[in-house]
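Shown next: input.cif, containing mmCIF, N, CA and C atoms.
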data_work
#
loop_
_atom_site.label_atom_id
_atom_site.label_comp_id
_atom_site.auth_asym_id
_atom_site.auth_seq_id
_atom_site.Cartn_x
_atom_site.Cartn_y
_atom_site.Cartn_z
N GLY A 154 99.82 68.45 160.76
CA GLY A 154 98.76 68.34 161.75
C GLY A 154 99.21 68.88 163.09
N HIS A 155 98.40 68.68 164.06
CA HIS A 155 98.66 69.17 165.40
C HIS A 155 98.36 68.05 166.40
N ARG A 156 98.56 68.33 167.65
CA ARG A 156 98.26 67.36 168.70
C ARG A 156 96.90 67.66 169.31
N ARG A 157 96.15 66.61 169.62
CA ARG A 157 94.90 66.81 170.37
C ARG A 157 95.26 67.09 171.82
N TYR A 158 96.16 66.28 172.35
CA TYR A 158 96.66 66.46 173.71
C TYR A 158 98.00 65.75 173.81
N LEU A 159 98.80 66.13 174.78
CA LEU A 159 100.14 65.59 174.97
C LEU A 159 100.08 64.08 175.19
N ASN A 160 100.92 63.34 174.51
CA ASN A 160 101.03 61.88 174.61
C ASN A 160 99.79 61.13 174.13
N ASP A 161 99.05 61.71 173.20
CA ASP A 161 97.91 61.04 172.58
C ASP A 161 98.44 59.82 171.83
N HIS A 162 98.05 58.64 172.22
CA HIS A 162 98.68 57.43 171.70
C HIS A 162 97.97 56.82 170.50
N TYR A 163 96.71 57.13 170.24
CA TYR A 163 95.96 56.63 169.08
C TYR A 163 96.15 55.12 168.92
N GLU A 164 95.24 54.41 169.45
CA GLU A 164 95.22 52.95 169.39
C GLU A 164 96.45 52.31 170.00
N ARG A 165 97.07 52.99 170.96
CA ARG A 165 98.21 52.48 171.72
C ARG A 165 99.39 52.05 170.85
N LYS A 166 99.60 52.74 169.74
CA LYS A 166 100.78 52.51 168.89
C LYS A 166 101.90 53.42 169.39
N ASP A 167 103.08 53.17 168.90
CA ASP A 167 104.21 54.02 169.27
C ASP A 167 104.03 55.40 168.67
N GLY A 168 104.45 56.40 169.40
CA GLY A 168 104.39 57.78 168.92
C GLY A 168 103.04 58.43 169.17
N GLU A 169 103.05 59.73 168.99
CA GLU A 169 101.82 60.49 169.22
C GLU A 169 100.96 60.54 167.98
N ALA A 170 99.67 60.63 168.21
CA ALA A 170 98.73 60.78 167.10
C ALA A 170 98.85 62.18 166.50
N ILE A 171 98.50 62.30 165.24
CA ILE A 171 98.47 63.59 164.55
C ILE A 171 97.00 63.93 164.33
N TRP A 172 96.62 65.13 164.71
CA TRP A 172 95.24 65.59 164.61
C TRP A 172 95.14 66.56 163.45
N PRO A 173 94.77 66.08 162.25
CA PRO A 173 94.72 66.96 161.08
C PRO A 173 93.77 68.14 161.23
N MET A 174 92.75 68.00 162.04
CA MET A 174 91.77 69.07 162.19
C MET A 174 92.41 70.36 162.70
N GLY A 175 93.53 70.23 163.37
CA GLY A 175 94.23 71.43 163.84
C GLY A 175 94.63 72.33 162.68
N SER A 176 95.00 71.74 161.55
CA SER A 176 95.36 72.54 160.38
C SER A 176 94.16 73.29 159.82
N LEU A 177 92.98 72.67 159.88
CA LEU A 177 91.77 73.36 159.42
C LEU A 177 91.42 74.52 160.35
N LEU A 178 91.49 74.28 161.63
CA LEU A 178 91.20 75.35 162.59
C LEU A 178 92.21 76.48 162.45
N GLU A 179 93.46 76.13 162.24
CA GLU A 179 94.50 77.13 162.02
C GLU A 179 94.21 77.95 160.76
N ALA A 180 93.82 77.28 159.67
CA ALA A 180 93.50 77.98 158.43
C ALA A 180 92.36 78.97 158.65
N ILE A 181 91.32 78.54 159.34
CA ILE A 181 90.18 79.41 159.60
C ILE A 181 90.60 80.62 160.41
N CYS A 182 91.44 80.42 161.40
CA CYS A 182 91.94 81.55 162.21
C CYS A 182 92.76 82.52 161.35
N PHE A 183 93.62 81.97 160.48
CA PHE A 183 94.40 82.83 159.58
C PHE A 183 93.49 83.62 158.65
N PHE A 184 92.47 82.98 158.09
CA PHE A 184 91.55 83.69 157.19
C PHE A 184 90.77 84.77 157.93
N ASN A 185 90.34 84.48 159.14
CA ASN A 185 89.62 85.49 159.94
C ASN A 185 90.52 86.69 160.21
N ARG A 186 91.78 86.42 160.54
CA ARG A 186 92.74 87.50 160.80
C ARG A 186 93.00 88.31 159.53
N ALA A 187 93.12 87.60 158.39
CA ALA A 187 93.33 88.29 157.11
C ALA A 187 92.18 89.22 156.80
N GLU A 188 90.96 88.78 157.04
CA GLU A 188 89.79 89.63 156.78
C GLU A 188 89.79 90.84 157.70
N GLU A 189 90.09 90.63 158.96
CA GLU A 189 90.13 91.73 159.93
C GLU A 189 91.17 92.76 159.50
N LEU A 190 92.36 92.31 159.12
CA LEU A 190 93.42 93.23 158.71
C LEU A 190 93.07 93.97 157.42
N LEU A 191 92.45 93.27 156.49
CA LEU A 191 92.05 93.92 155.25
C LEU A 191 91.01 95.01 155.51
N ASN A 192 90.08 94.73 156.40
CA ASN A 192 89.06 95.72 156.76
C ASN A 192 89.66 96.94 157.45
N ARG A 193 90.81 96.76 158.08
CA ARG A 193 91.51 97.87 158.74
C ARG A 193 92.46 98.59 157.79
N GLY A 194 92.57 98.10 156.55
CA GLY A 194 93.39 98.78 155.56
C GLY A 194 94.81 98.26 155.43
N SER A 195 95.13 97.17 156.10
CA SER A 195 96.48 96.61 156.02
C SER A 195 96.52 95.47 155.01
N GLN A 196 96.55 95.82 153.74
CA GLN A 196 96.44 94.83 152.68
C GLN A 196 97.62 93.87 152.63
N SER A 197 98.85 94.35 152.79
CA SER A 197 100.01 93.46 152.67
C SER A 197 100.06 92.45 153.82
N LEU A 198 99.77 92.89 155.03
CA LEU A 198 99.75 91.95 156.16
C LEU A 198 98.58 90.98 156.03
N SER A 199 97.46 91.46 155.54
CA SER A 199 96.31 90.60 155.30
C SER A 199 96.66 89.52 154.29
N GLU A 200 97.37 89.89 153.24
CA GLU A 200 97.77 88.93 152.22
C GLU A 200 98.68 87.85 152.81
N GLU A 201 99.54 88.22 153.74
CA GLU A 201 100.41 87.24 154.40
C GLU A 201 99.58 86.22 155.20
N TYR A 202 98.58 86.69 155.92
CA TYR A 202 97.72 85.77 156.68
C TYR A 202 96.87 84.90 155.74
N ARG A 203 96.43 85.47 154.62
CA ARG A 203 95.69 84.68 153.64
C ARG A 203 96.56 83.56 153.09
N ARG A 204 97.82 83.90 152.80
CA ARG A 204 98.77 82.91 152.29
C ARG A 204 99.01 81.79 153.31
N ARG A 205 99.16 82.16 154.57
CA ARG A 205 99.35 81.15 155.63
C ARG A 205 98.13 80.25 155.75
N GLY A 206 96.95 80.85 155.66
CA GLY A 206 95.72 80.06 155.71
C GLY A 206 95.64 79.07 154.57
N ASP A 207 96.01 79.53 153.37
CA ASP A 207 95.98 78.64 152.21
C ASP A 207 96.99 77.51 152.36
N MET A 208 98.14 77.77 152.96
CA MET A 208 99.13 76.71 153.18
C MET A 208 98.58 75.64 154.11
N SER A 209 97.91 76.05 155.19
CA SER A 209 97.30 75.09 156.10
C SER A 209 96.18 74.31 155.42
N LEU A 210 95.38 75.01 154.63
CA LEU A 210 94.28 74.38 153.91
C LEU A 210 94.81 73.40 152.86
N ASP A 211 95.89 73.74 152.19
CA ASP A 211 96.47 72.85 151.18
C ASP A 211 96.85 71.50 151.77
N LYS A 212 97.35 71.49 153.00
CA LYS A 212 97.67 70.21 153.66
C LYS A 212 96.43 69.33 153.77
N MET A 213 95.33 69.95 154.12
CA MET A 213 94.09 69.20 154.31
C MET A 213 93.50 68.75 152.98
N ILE A 214 93.65 69.55 151.95
CA ILE A 214 93.18 69.14 150.63
C ILE A 214 93.97 67.91 150.18
N TRP A 215 95.28 67.93 150.41
CA TRP A 215 96.12 66.79 150.06
C TRP A 215 95.66 65.54 150.81
N LEU A 216 95.41 65.67 152.12
CA LEU A 216 94.97 64.51 152.92
C LEU A 216 93.61 64.01 152.45
N SER A 217 92.69 64.93 152.17
CA SER A 217 91.35 64.49 151.76
C SER A 217 91.40 63.81 150.39
N GLU A 218 92.29 64.25 149.52
CA GLU A 218 92.44 63.57 148.23
C GLU A 218 93.09 62.20 148.41
N ARG A 219 94.02 62.12 149.34
CA ARG A 219 94.71 60.84 149.57
C ARG A 219 93.78 59.79 150.17
N PHE A 220 92.99 60.19 151.17
CA PHE A 220 92.15 59.23 151.89
C PHE A 220 90.71 59.19 151.37
N GLY A 221 90.30 60.18 150.61
CA GLY A 221 88.92 60.24 150.12
C GLY A 221 87.98 60.90 151.10
N PHE A 222 88.50 61.39 152.21
CA PHE A 222 87.74 62.10 153.23
C PHE A 222 88.75 62.81 154.13
N VAL A 223 88.26 63.66 155.02
CA VAL A 223 89.14 64.35 155.97
C VAL A 223 89.28 63.46 157.20
N PRO A 224 90.44 62.85 157.41
CA PRO A 224 90.59 61.92 158.53
C PRO A 224 90.60 62.63 159.88
N GLU A 225 90.08 61.92 160.87
CA GLU A 225 90.07 62.47 162.23
C GLU A 225 91.47 62.43 162.85
N LEU A 226 92.12 61.28 162.76
CA LEU A 226 93.45 61.10 163.34
C LEU A 226 94.35 60.36 162.36
N LEU A 227 95.64 60.63 162.49
CA LEU A 227 96.65 59.91 161.72
C LEU A 227 97.74 59.44 162.66
N ARG A 228 98.45 58.42 162.21
CA ARG A 228 99.68 58.03 162.89
C ARG A 228 100.69 57.72 161.80
N GLU A 229 101.96 57.89 162.12
CA GLU A 229 103.00 57.57 161.16
C GLU A 229 103.39 56.12 161.37
N GLU A 230 103.40 55.37 160.28
CA GLU A 230 103.74 53.95 160.34
C GLU A 230 104.58 53.61 159.12
N ASN A 231 105.81 53.17 159.35
CA ASN A 231 106.73 52.82 158.26
C ASN A 231 106.90 53.95 157.25
N GLY A 232 107.01 55.17 157.75
CA GLY A 232 107.26 56.33 156.90
C GLY A 232 106.06 56.86 156.14
N THR A 233 104.88 56.36 156.44
CA THR A 233 103.67 56.85 155.78
C THR A 233 102.60 57.12 156.82
N TYR A 234 101.60 57.91 156.46
CA TYR A 234 100.51 58.22 157.37
C TYR A 234 99.38 57.21 157.22
N VAL A 235 98.86 56.78 158.35
CA VAL A 235 97.75 55.83 158.39
C VAL A 235 96.60 56.51 159.12
N SER A 236 95.40 56.44 158.54
CA SER A 236 94.22 57.06 159.13
C SER A 236 93.54 56.08 160.08
N ASN A 237 92.82 56.62 161.04
CA ASN A 237 92.00 55.77 161.90
C ASN A 237 90.65 55.45 161.26
N GLU A 238 90.46 55.90 160.01
CA GLU A 238 89.28 55.60 159.19
C GLU A 238 87.99 56.22 159.70
N ASN A 239 88.06 57.19 160.61
CA ASN A 239 86.86 57.89 161.06
C ASN A 239 86.55 59.03 160.11
N HIS A 240 85.43 58.93 159.43
CA HIS A 240 84.96 59.98 158.53
C HIS A 240 83.82 60.68 159.27
N LEU A 241 84.13 61.83 159.86
CA LEU A 241 83.18 62.52 160.72
C LEU A 241 82.60 63.76 160.04
N LEU A 242 81.34 64.03 160.30
CA LEU A 242 80.65 65.16 159.70
C LEU A 242 81.30 66.49 160.07
N TRP A 243 81.73 66.65 161.31
CA TRP A 243 82.28 67.94 161.70
C TRP A 243 83.61 68.20 161.00
N ASN A 244 84.35 67.16 160.64
CA ASN A 244 85.58 67.35 159.85
C ASN A 244 85.22 67.95 158.49
N ASP A 245 84.19 67.37 157.84
CA ASP A 245 83.74 67.88 156.55
C ASP A 245 83.22 69.30 156.66
N ALA A 246 82.50 69.59 157.74
CA ALA A 246 81.95 70.94 157.94
C ALA A 246 83.07 71.97 158.08
N LEU A 247 84.11 71.64 158.83
CA LEU A 247 85.23 72.57 158.98
C LEU A 247 86.00 72.73 157.67
N MET A 248 86.09 71.66 156.89
CA MET A 248 86.74 71.75 155.58
C MET A 248 85.96 72.70 154.68
N LEU A 249 84.64 72.58 154.67
CA LEU A 249 83.82 73.48 153.86
C LEU A 249 83.96 74.93 154.32
N LEU A 250 83.97 75.14 155.62
CA LEU A 250 84.12 76.49 156.15
C LEU A 250 85.47 77.08 155.76
N ALA A 251 86.54 76.31 155.90
CA ALA A 251 87.87 76.81 155.56
C ALA A 251 87.96 77.13 154.06
N CYS A 252 87.41 76.26 153.22
CA CYS A 252 87.43 76.52 151.78
C CYS A 252 86.63 77.78 151.43
N ALA A 253 85.47 77.94 152.05
CA ALA A 253 84.64 79.12 151.80
C ALA A 253 85.36 80.39 152.24
N LYS A 254 86.02 80.35 153.38
CA LYS A 254 86.75 81.53 153.86
C LYS A 254 87.92 81.86 152.95
N SER A 255 88.59 80.83 152.43
CA SER A 255 89.69 81.06 151.51
C SER A 255 89.19 81.76 150.25
N LEU A 256 88.10 81.28 149.70
CA LEU A 256 87.53 81.92 148.52
C LEU A 256 87.09 83.35 148.81
N GLU A 257 86.46 83.55 149.96
CA GLU A 257 85.96 84.88 150.33
C GLU A 257 87.09 85.89 150.47
N ILE A 258 88.15 85.52 151.20
CA ILE A 258 89.23 86.48 151.43
C ILE A 258 90.02 86.70 150.14
N SER A 259 90.14 85.68 149.29
CA SER A 259 90.80 85.85 147.99
C SER A 259 90.02 86.83 147.12
N LYS A 260 88.71 86.72 147.13
CA LYS A 260 87.87 87.64 146.37
C LYS A 260 87.99 89.06 146.91
N MET A 261 88.03 89.21 148.22
CA MET A 261 88.17 90.53 148.82
C MET A 261 89.50 91.17 148.38
N HIS A 262 90.55 90.36 148.34
CA HIS A 262 91.86 90.89 147.92
C HIS A 262 91.84 91.31 146.46
N ARG A 263 91.20 90.52 145.61
CA ARG A 263 91.11 90.90 144.20
C ARG A 263 90.34 92.20 144.03
N ASN A 264 89.32 92.41 144.83
CA ASN A 264 88.48 93.62 144.72
C ASN A 264 89.18 94.87 145.22
N THR A 265 90.24 94.71 146.03
CA THR A 265 90.95 95.88 146.55
C THR A 265 92.13 96.26 145.66
N ASN A 266 92.45 95.42 144.69
CA ASN A 266 93.57 95.72 143.77
C ASN A 266 93.12 96.52 142.59
#
Using structure tokens, write down the structure that the file contains.
Amino acid sequence: GHRRYLNDHYERKDGEAIWPMGSLLEAICFFNRAEELLNRGSQSLSEEYRRRGDMSLDKMIWLSERFGFVPELLREENGTYVSNENHLLWNDALMLLACAKSLEISKMHRNTN
């Protein structure tokens, strides 16, 4: 995950909160860059950005399977992640967008081979 802002305390517990949505936004940016590079003819560099996007997306798929939804915030407690239990629509919307972009750029790569 990423930070929402420096020293984000999330319910005033020790340590900073983890903002999983940062990984989704990162994945979307990687997929957009992969598409741009592929359109410019740079297939190998595009594939690297697609791979990075999928790695970021995989983290979120793991979290959504673990919690049953895409959590808004996490904190580490006793060596495990604890969600703040906020199931927000915009988290789901970004997850759908990232998954769709992953499928789209993967299909584009298959069509250029």
Note to self: Can you translate the PyMOL selection byres ((chain A and resi 241) around 8) into the concrete residues it hits in this file, as JSON, numbers by chain?
What the structure shows: {"A": [222, 223, 224, 225, 238, 239, 240, 242, 243, 244, 245, 246]}
Notebook entry, point to check: Applied to this file, what does the PyMOL selection byres ((chain A and resi 209-215) around 8) return in terms of residues, put as a list in words?
Noted result: Gly154, Pro173, Met174, Gly175, Ser176, Leu177, Leu178, Glu179, Ala180, Ile181, Arg203, Arg204, Arg205, Gly206, Asp207, Met208, Leu216, Ser217, Glu218, Arg219, Phe220, Gly221, Phe222, Val223, Pro224, Met248, Ala251 and Cys252 of chain A
List every residue of range 219-266 of chain A that DSSP, applied to the backbone of this structure, assigns to strand (DSSP E), and report them as a PDB file with N, CA and C atoms, in the coordinates of the input.
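Output (selection.pdb):
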ATOM      1  N   LEU A 227      95.640  60.630 162.490  1.00  0.00           N
ATOM      2  CA  LEU A 227      96.650  59.910 161.720  1.00  0.00           C
ATOM      3  C   LEU A 227      97.740  59.440 162.660  1.00  0.00           C
ATOM      4  N   ARG A 228      98.450  58.420 162.210  1.00  0.00           N
ATOM      5  CA  ARG A 228      99.680  58.030 162.890  1.00  0.00           C
ATOM      6  C   ARG A 228     100.690  57.720 161.800  1.00  0.00           C
ATOM      7  N   GLU A 229     101.960  57.890 162.120  1.00  0.00           N
ATOM      8  CA  GLU A 229     103.000  57.570 161.160  1.00  0.00           C
ATOM      9  C   GLU A 229     103.390  56.120 161.370  1.00  0.00           C
ATOM     10  N   GLU A 230     103.400  55.370 160.280  1.00  0.00           N
ATOM     11  CA  GLU A 230     103.740  53.950 160.340  1.00  0.00           C
ATOM     12  C   GLU A 230     104.580  53.610 159.120  1.00  0.00           C
ATOM     13  N   THR A 233     104.880  56.360 156.440  1.00  0.00           N
ATOM     14  CA  THR A 233     103.670  56.850 155.780  1.00  0.00           C
ATOM     15  C   THR A 233     102.600  57.120 156.820  1.00  0.00           C
ATOM     16  N   TYR A 234     101.600  57.910 156.460  1.00  0.00           N
ATOM     17  CA  TYR A 234     100.510  58.220 157.370  1.00  0.00           C
ATOM     18  C   TYR A 234      99.380  57.210 157.220  1.00  0.00           C
ATOM     19  N   VAL A 235      98.860  56.780 158.350  1.00  0.00           N
ATOM     20  CA  VAL A 235      97.750  55.830 158.390  1.00  0.00           C
ATOM     21  C   VAL A 235      96.600  56.510 159.120  1.00  0.00           C
ATOM     22  N   SER A 236      95.400  56.440 158.540  1.00  0.00           N
ATOM     23  CA  SER A 236      94.220  57.060 159.130  1.00  0.00           C
ATOM     24  C   SER A 236      93.540  56.080 160.080  1.00  0.00           C
TER      25      SER A 236
END
Margin query: As a check of understanding, name the residues that the PyMOL selection byres ((chain A and resi 227-234) around 6.5) selects in the supplied structure, as number ranges by chain.
Written below: A: 169-173, 224-226, 235-237
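For the pair atom N of Gly194 in chain A and CA of Leu249 in chain A, the separation is 26.3 Å.
Each of A:Lys254, A:Phe183, A:His262, A:Leu247 was compared to Gln196 in chain A using all atoms listed in the file, and A:His262 turns out to be the nearest.
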Taking all atoms of range 223-238 of chain A that appear in the file, build a box with edges along x, y and z, extend it by 6 Å on every side, and state its centre and edge lengths in Å to one decimal, as lines of an AutoDock Vina configuration file.
center_x = 97.6
center_y = 58.6
center_z = 159.2
size_x = 31.3
size_y = 23.5
size_z = 20.3
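The interatomic distance for the pair atom N of Glu188 in chain A and CA of Glu200 in chain A works out to 8.3 Å.
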Next item on the list: From chain A, collect each residue whose DSSP state is alpha helix (DSSP H) and return the set as a PyMOL selection string.
Entry: chain A and resi 174-192+196-220+242-265
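Between atom N of Ser197 in chain A and CA of Ala253 in chain A lies a distance of 20.9 Å.
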